[in-house]
file data-v2.txt (compact mmCIF, C-alpha atoms)
# COMPACT_ATOMS: atom_id res chain seq x y z
CA GLN A 1 26.53 -19.67 36.70
CA VAL A 2 22.93 -20.59 37.46
CA GLN A 3 20.24 -19.57 35.00
CA LEU A 4 16.50 -19.96 35.52
CA VAL A 5 13.98 -19.52 32.72
CA GLU A 6 10.25 -19.48 33.45
CA SER A 7 7.45 -20.27 31.03
CA GLY A 8 3.76 -21.13 31.10
CA GLY A 9 2.19 -17.87 32.16
CA GLY A 10 -0.85 -16.43 30.43
CA LEU A 11 -4.43 -15.27 30.71
CA VAL A 12 -6.97 -17.56 32.34
CA GLN A 13 -10.47 -17.18 33.72
CA ALA A 14 -11.17 -17.44 37.42
CA GLY A 15 -11.44 -21.07 38.45
CA GLY A 16 -9.07 -22.18 35.73
CA SER A 17 -5.61 -23.73 35.89
CA LEU A 18 -2.09 -23.01 34.68
CA ARG A 19 1.22 -24.79 35.07
CA LEU A 20 4.37 -22.75 35.29
CA SER A 21 7.76 -24.23 34.42
CA CYS A 22 11.25 -23.14 35.40
CA ALA A 23 14.13 -24.65 33.49
CA SER A 24 17.40 -24.58 35.38
CA SER A 25 20.92 -24.64 34.00
CA GLY A 26 24.15 -24.51 35.94
CA ARG A 27 22.68 -26.29 38.98
CA SER A 28 20.50 -29.32 39.50
CA VAL A 29 17.04 -28.58 40.91
CA SER A 30 17.40 -31.71 43.04
CA SER A 31 20.51 -30.40 44.79
CA ALA A 32 19.14 -27.00 45.78
CA ASN A 33 16.16 -25.42 47.47
CA MET A 34 13.85 -23.98 44.83
CA GLY A 35 10.81 -21.77 45.02
CA TRP A 36 8.25 -19.52 43.44
CA PHE A 37 7.52 -15.90 44.29
CA ARG A 38 5.07 -13.42 42.81
CA GLN A 39 4.71 -9.68 42.56
CA ALA A 40 1.51 -7.83 41.75
CA PRO A 41 1.55 -4.18 40.64
CA GLY A 42 2.13 -1.90 43.59
CA ASN A 43 2.93 -4.80 45.91
CA GLU A 44 6.12 -6.27 47.25
CA ARG A 45 7.37 -9.60 45.98
CA GLU A 46 5.88 -12.38 48.09
CA PHE A 47 6.63 -16.02 48.73
CA VAL A 48 4.36 -18.56 47.05
CA ALA A 49 5.90 -22.02 47.42
CA ALA A 50 9.19 -23.84 47.93
CA ILE A 51 10.61 -27.33 47.66
CA THR A 52 13.84 -28.32 49.37
CA TRP A 53 16.49 -30.60 47.93
CA SER A 54 15.13 -33.34 50.23
CA GLY A 55 11.58 -32.90 48.95
CA SER A 56 9.95 -30.92 51.75
CA ARG A 57 7.31 -28.52 50.47
CA TYR A 58 6.18 -25.17 51.83
CA TYR A 59 3.26 -22.99 50.74
CA ALA A 60 1.91 -19.55 51.47
CA ASP A 61 -1.44 -19.74 53.24
CA SER A 62 -3.09 -17.92 50.33
CA VAL A 63 -2.29 -20.75 47.88
CA LYS A 64 -2.36 -23.80 50.13
CA GLY A 65 -4.67 -26.46 48.72
CA ARG A 66 -4.75 -24.83 45.28
CA PHE A 67 -1.10 -24.73 44.15
CA THR A 68 1.39 -27.60 43.99
CA ILE A 69 5.14 -27.27 43.61
CA SER A 70 7.09 -30.12 42.05
CA ARG A 71 10.20 -30.88 40.05
CA ASP A 72 11.39 -33.21 37.34
CA ASN A 73 14.98 -34.12 38.09
CA ALA A 74 15.56 -35.66 34.66
CA LYS A 75 14.45 -32.45 32.95
CA ASN A 76 16.07 -30.27 35.61
CA THR A 77 12.84 -28.30 35.76
CA LEU A 78 10.72 -26.87 38.56
CA TYR A 79 6.94 -26.61 38.23
CA LEU A 80 4.06 -24.78 39.84
CA GLN A 81 0.63 -26.26 39.17
CA MET A 82 -1.99 -23.62 39.89
CA ASN A 83 -5.62 -24.66 40.20
CA SER A 84 -8.78 -22.80 41.18
CA LEU A 85 -7.15 -19.55 40.19
CA LYS A 86 -8.52 -16.28 41.54
CA PRO A 87 -8.17 -12.71 40.25
CA GLU A 88 -5.98 -11.96 43.26
CA ASP A 89 -3.46 -14.49 41.95
CA THR A 90 -2.68 -12.08 39.10
CA ALA A 91 1.02 -11.23 39.26
CA VAL A 92 4.41 -11.77 37.71
CA TYR A 93 5.67 -15.12 38.95
CA TYR A 94 9.38 -15.65 39.56
CA CYS A 95 11.37 -18.82 40.00
CA ALA A 96 14.19 -18.69 42.56
CA GLY A 97 16.92 -20.91 43.92
CA ARG A 98 19.40 -21.07 46.77
CA PRO A 99 21.94 -23.55 48.07
CA ARG A 100 20.47 -26.46 49.96
CA THR A 101 19.69 -26.22 53.64
CA TYR A 102 20.23 -28.98 56.19
CA SER A 103 17.60 -28.07 58.74
CA ALA A 104 13.92 -27.24 58.49
CA GLN A 105 13.37 -23.54 57.96
CA PRO A 106 10.28 -21.43 57.23
CA MET A 107 9.58 -21.14 53.52
CA GLY A 108 12.31 -23.71 52.91
CA GLY A 109 14.86 -21.07 53.76
CA MET A 110 13.88 -18.98 50.73
CA THR A 111 14.71 -15.57 52.15
CA ALA A 112 15.86 -12.52 50.22
CA ASN A 113 19.41 -12.72 51.51
CA SER A 114 19.77 -16.45 50.82
CA ILE A 115 18.44 -16.65 47.26
CA ASP A 116 21.27 -16.57 44.73
CA SER A 117 19.37 -16.96 41.47
CA TRP A 118 16.18 -15.53 39.97
CA GLY A 119 14.33 -16.07 36.75
CA GLN A 120 13.09 -13.23 34.59
CA GLY A 121 9.44 -13.76 35.54
CA THR A 122 6.29 -14.82 33.72
CA GLN A 123 2.98 -12.96 33.78
CA VAL A 124 -0.14 -14.67 35.10
CA THR A 125 -3.43 -12.83 34.65
CA VAL A 126 -6.69 -14.19 36.06
CA SER A 127 -9.87 -12.58 34.81
CA SER A 128 -13.08 -12.50 36.82
call {"tool": "encode", "arguments": {"input": "data-v2.txt", "output": "C-alpha cells"}}
result
Amino acid sequence: QVQLVESGGGLVQAGGSLRLSCASSGRSVSSANMGWFRQAPGNEREFVAAITWSGSRYYADSVKGRFTISRDNAKNTLYLQMNSLKPEDTAVYYCAGRPRTYSAQPMGGMTANSIDSWGQGTQVTVSS
C-alpha cells in the first residue's frame, strides 16, 4: 500500500520561496512517475509538475521557470521547489504517484485515471 505525506506548506509573501516535500512509503519514488497538483478554492485540481521514473520532467506553463520538481532516492522523497511565488499560486498542493510509463506522455502520464496514490495535501498561501 502506497502512502504519500506532504509537508512544507505555509504562508509566504509574493516573490518568496517554499519547498514542498512528499515522503513516500510502499513504493520507491525512483520506480514510479510522481507529480504535484494543486487546487484553489472554487477551482478544479490542476497539474503542476511531474517527474518520471527515468528523470524526465514536465511543468504546467503557469509555473515553468519558477518551480522545480526533484527527488531524493535515498530519502524516498519528492520535492517541489517554488520560487518567485505569486498570489495566484495559493492553493492546496497534492503529491501524486502512478506506475511508471515506458513512453513519453503529456504531463508524464499523470492523468486522473492513471494516478493510484494521493497525499493529503498541504496549504500554500501567497500574500500580495
call {"tool": "atom_distance", "arguments": {"input": "data-v2.txt", "atom1": "atom CA of Gly15 of chain A", "atom2": "atom CA of Thr90 of chain A"}}
result
12.6 Å
call {"tool": "atom_distance", "arguments": {"input": "data-v2.txt", "atom1": "atom CA of Gly8 of chain A", "atom2": "atom CA of Ser21 of chain A"}}
result
6.1 Å
call {"tool": "atom_distance", "arguments": {"input": "data-v2.txt", "atom1": "atom CA of Arg98 of chain A", "atom2": "atom CA of Phe67 of chain A"}}
result
21.0 Å
call {"tool": "residues_around", "arguments": {"input": "data-v2.txt", "residues": "segment 35-47 of chain A", "least_positions_apart": "4", "cutoff": "6 Å", "atoms": "all atoms listed in the file", "output": "VMD selection string"}}
result
chain A and resid 91 to 96
call {"tool": "write_last_selection", "arguments": {"input": "data-v2.txt", "atoms": "C-alpha atoms", "output": "PDB file, in the coordinates of the input"}}
result
ATOM      1  CA  ALA A  91       1.020 -11.230  39.260  1.00  0.00           C
ATOM      2  CA  VAL A  92       4.410 -11.770  37.710  1.00  0.00           C
ATOM      3  CA  TYR A  93       5.670 -15.120  38.950  1.00  0.00           C
ATOM      4  CA  TYR A  94       9.380 -15.650  39.560  1.00  0.00           C
ATOM      5  CA  CYS A  95      11.370 -18.820  40.000  1.00  0.00           C
ATOM      6  CA  ALA A  96      14.190 -18.690  42.560  1.00  0.00           C
TER       7      ALA A  96
END
call {"tool": "closest_residue", "arguments": {"input": "data-v2.txt", "among": "A:Ala112, A:Ser103, A:Pro87, A:Gln120", "to": "Gln13 of chain A", "atoms": "all atoms listed in the file"}}
result
A:Pro87
call {"tool": "residues_around", "arguments": {"input": "data-v2.txt", "residues": "Asn83 of chain A", "least_positions_apart": "6", "cutoff": "9 Å", "atoms": "all atoms listed in the file", "output": "list in words"}}
result
Gly15, Gly16, Ser17, Leu18, Arg19, Gly65, Arg66, Phe67 and Thr68 of chain A
call {"tool": "residues_around", "arguments": {"input": "data-v2.txt", "residues": "Ser114 of chain A", "least_positions_apart": "5", "cutoff": "10 Å", "atoms": "only C-alpha atoms", "output": "list in words"}}
result
Gly97, Arg98, Pro99 and Gly109 of chain A
call {"tool": "closest_residue", "arguments": {"input": "data-v2.txt", "among": "A:Thr77, A:Thr111, A:Ser84, A:Ser30", "to": "Ser7 of chain A", "atoms": "only C-alpha atoms"}}
result
A:Thr77
call {"tool": "residues_near_point", "arguments": {"input": "data-v2.txt", "point": "(22.5, -25.9, 34.6)", "cutoff": "12 Å", "atoms": "all atoms listed in the file", "output": "PyMOL selection string"}}
result
chain A and resi 1-5+22-32+73-77+97+117
call {"tool": "closest_residue", "arguments": {"input": "data-v2.txt", "among": "A:Val124, A:Leu78, A:Ala104, A:Ala14", "to": "Ser54 of chain A", "atoms": "all atoms listed in the file"}}
result
A:Ala104
call {"tool": "closest_residue", "arguments": {"input": "data-v2.txt", "among": "A:Met110, A:Tyr102, A:Asp89, A:Ile69", "to": "Gln123 of chain A", "atoms": "all atoms listed in the file"}}
result
A:Asp89
call {"tool": "closest_residue", "arguments": {"input": "data-v2.txt", "among": "A:Asp116, A:Glu6, A:Asp72, A:Asp61", "to": "Ala49 of chain A", "atoms": "all atoms listed in the file"}}
result
A:Asp61
call {"tool": "build_atoms", "arguments": {"input": "data-v2.txt", "residues": "segment 16-44 of chain A", "atoms": "N, CA and C atoms", "output": "JSON list (two decimals), keeping the file's coordinate frame"}}
result
[["chain", "number", "residue", "atom", "x", "y", "z"],
["A", 16, "GLY", "N", -9.87, -21.40, 36.65],
["A", 16, "GLY", "CA", -9.07, -22.18, 35.73],
["A", 16, "GLY", "C", -7.73, -22.59, 36.31],
["A", 17, "SER", "N", -6.90, -23.20, 35.46],
["A", 17, "SER", "CA", -5.61, -23.73, 35.89],
["A", 17, "SER", "C", -4.50, -23.31, 34.93],
["A", 18, "LEU", "N", -3.31, -23.23, 35.46],
["A", 18, "LEU", "CA", -2.09, -23.01, 34.68],
["A", 18, "LEU", "C", -0.97, -23.80, 35.33],
["A", 19, "ARG", "N", 0.01, -24.18, 34.52],
["A", 19, "ARG", "CA", 1.22, -24.79, 35.07],
["A", 19, "ARG", "C", 2.43, -23.98, 34.61],
["A", 20, "LEU", "N", 3.15, -23.47, 35.57],
["A", 20, "LEU", "CA", 4.37, -22.75, 35.29],
["A", 20, "LEU", "C", 5.56, -23.71, 35.31],
["A", 21, "SER", "N", 6.53, -23.44, 34.46],
["A", 21, "SER", "CA", 7.76, -24.23, 34.42],
["A", 21, "SER", "C", 8.96, -23.32, 34.63],
["A", 22, "CYS", "N", 10.00, -23.87, 35.19],
["A", 22, "CYS", "CA", 11.25, -23.14, 35.40],
["A", 22, "CYS", "C", 12.40, -24.07, 35.06],
["A", 23, "ALA", "N", 13.01, -23.84, 33.91],
["A", 23, "ALA", "CA", 14.13, -24.65, 33.49],
["A", 23, "ALA", "C", 15.42, -24.10, 34.09],
["A", 24, "SER", "N", 16.17, -24.99, 34.71],
["A", 24, "SER", "CA", 17.40, -24.58, 35.38],
["A", 24, "SER", "C", 18.61, -25.07, 34.60],
["A", 25, "SER", "N", 19.63, -24.24, 34.54],
["A", 25, "SER", "CA", 20.92, -24.64, 34.00],
["A", 25, "SER", "C", 22.00, -24.13, 34.94],
["A", 26, "GLY", "N", 23.06, -24.89, 35.05],
["A", 26, "GLY", "CA", 24.15, -24.51, 35.94],
["A", 26, "GLY", "C", 24.03, -25.09, 37.34],
["A", 27, "ARG", "N", 22.89, -25.63, 37.68],
["A", 27, "ARG", "CA", 22.68, -26.29, 38.98],
["A", 27, "ARG", "C", 21.47, -27.21, 38.87],
["A", 28, "SER", "N", 21.59, -28.36, 39.50],
["A", 28, "SER", "CA", 20.50, -29.32, 39.50],
["A", 28, "SER", "C", 19.41, -28.87, 40.47],
["A", 29, "VAL", "N", 18.15, -28.95, 40.03],
["A", 29, "VAL", "CA", 17.04, -28.58, 40.91],
["A", 29, "VAL", "C", 16.92, -29.54, 42.09],
["A", 30, "SER", "N", 17.49, -30.73, 41.96],
["A", 30, "SER", "CA", 17.40, -31.71, 43.04],
["A", 30, "SER", "C", 18.48, -31.52, 44.09],
["A", 31, "SER", "N", 19.42, -30.63, 43.84],
["A", 31, "SER", "CA", 20.51, -30.40, 44.79],
["A", 31, "SER", "C", 20.40, -29.05, 45.49],
["A", 32, "ALA", "N", 19.33, -28.34, 45.22],
["A", 32, "ALA", "CA", 19.14, -27.00, 45.78],
["A", 32, "ALA", "C", 17.73, -26.86, 46.34],
["A", 33, "ASN", "N", 17.52, -25.80, 47.08],
["A", 33, "ASN", "CA", 16.16, -25.42, 47.47],
["A", 33, "ASN", "C", 15.64, -24.47, 46.39],
["A", 34, "MET", "N", 14.43, -24.75, 45.92],
["A", 34, "MET", "CA", 13.85, -23.98, 44.83],
["A", 34, "MET", "C", 12.49, -23.45, 45.25],
["A", 35, "GLY", "N", 12.09, -22.32, 44.64],
["A", 35, "GLY", "CA", 10.81, -21.77, 45.02],
["A", 35, "GLY", "C", 10.21, -20.86, 43.98],
["A", 36, "TRP", "N", 8.98, -20.47, 44.28],
["A", 36, "TRP", "CA", 8.25, -19.52, 43.44],
["A", 36, "TRP", "C", 7.84, -18.32, 44.29],
["A", 37, "PHE", "N", 7.98, -17.15, 43.70],
["A", 37, "PHE", "CA", 7.52, -15.90, 44.29],
["A", 37, "PHE", "C", 6.63, -15.19, 43.28],
["A", 38, "ARG", "N", 5.89, -14.20, 43.74],
["A", 38, "ARG", "CA", 5.07, -13.42, 42.81],
["A", 38, "ARG", "C", 5.04, -11.96, 43.26],
["A", 39, "GLN", "N", 4.80, -11.11, 42.28],
["A", 39, "GLN", "CA", 4.71, -9.68, 42.56],
["A", 39, "GLN", "C", 3.61, -9.07, 41.73],
["A", 40, "ALA", "N", 2.61, -8.54, 42.41],
["A", 40, "ALA", "CA", 1.51, -7.83, 41.75],
["A", 40, "ALA", "C", 1.85, -6.35, 41.69],
["A", 41, "PRO", "N", 1.26, -5.62, 40.75],
["A", 41, "PRO", "CA", 1.55, -4.18, 40.64],
["A", 41, "PRO", "C", 1.29, -3.45, 41.95],
["A", 42, "GLY", "N", 2.27, -2.67, 42.36],
["A", 42, "GLY", "CA", 2.13, -1.90, 43.59],
["A", 42, "GLY", "C", 2.40, -2.67, 44.86],
["A", 43, "ASN", "N", 2.68, -3.96, 44.72],
["A", 43, "ASN", "CA", 2.93, -4.80, 45.91],
["A", 43, "ASN", "C", 4.38, -5.26, 45.95],
["A", 44, "GLU", "N", 4.79, -5.68, 47.13],
["A", 44, "GLU", "CA", 6.12, -6.27, 47.25],
["A", 44, "GLU", "C", 6.09, -7.71, 46.75]]
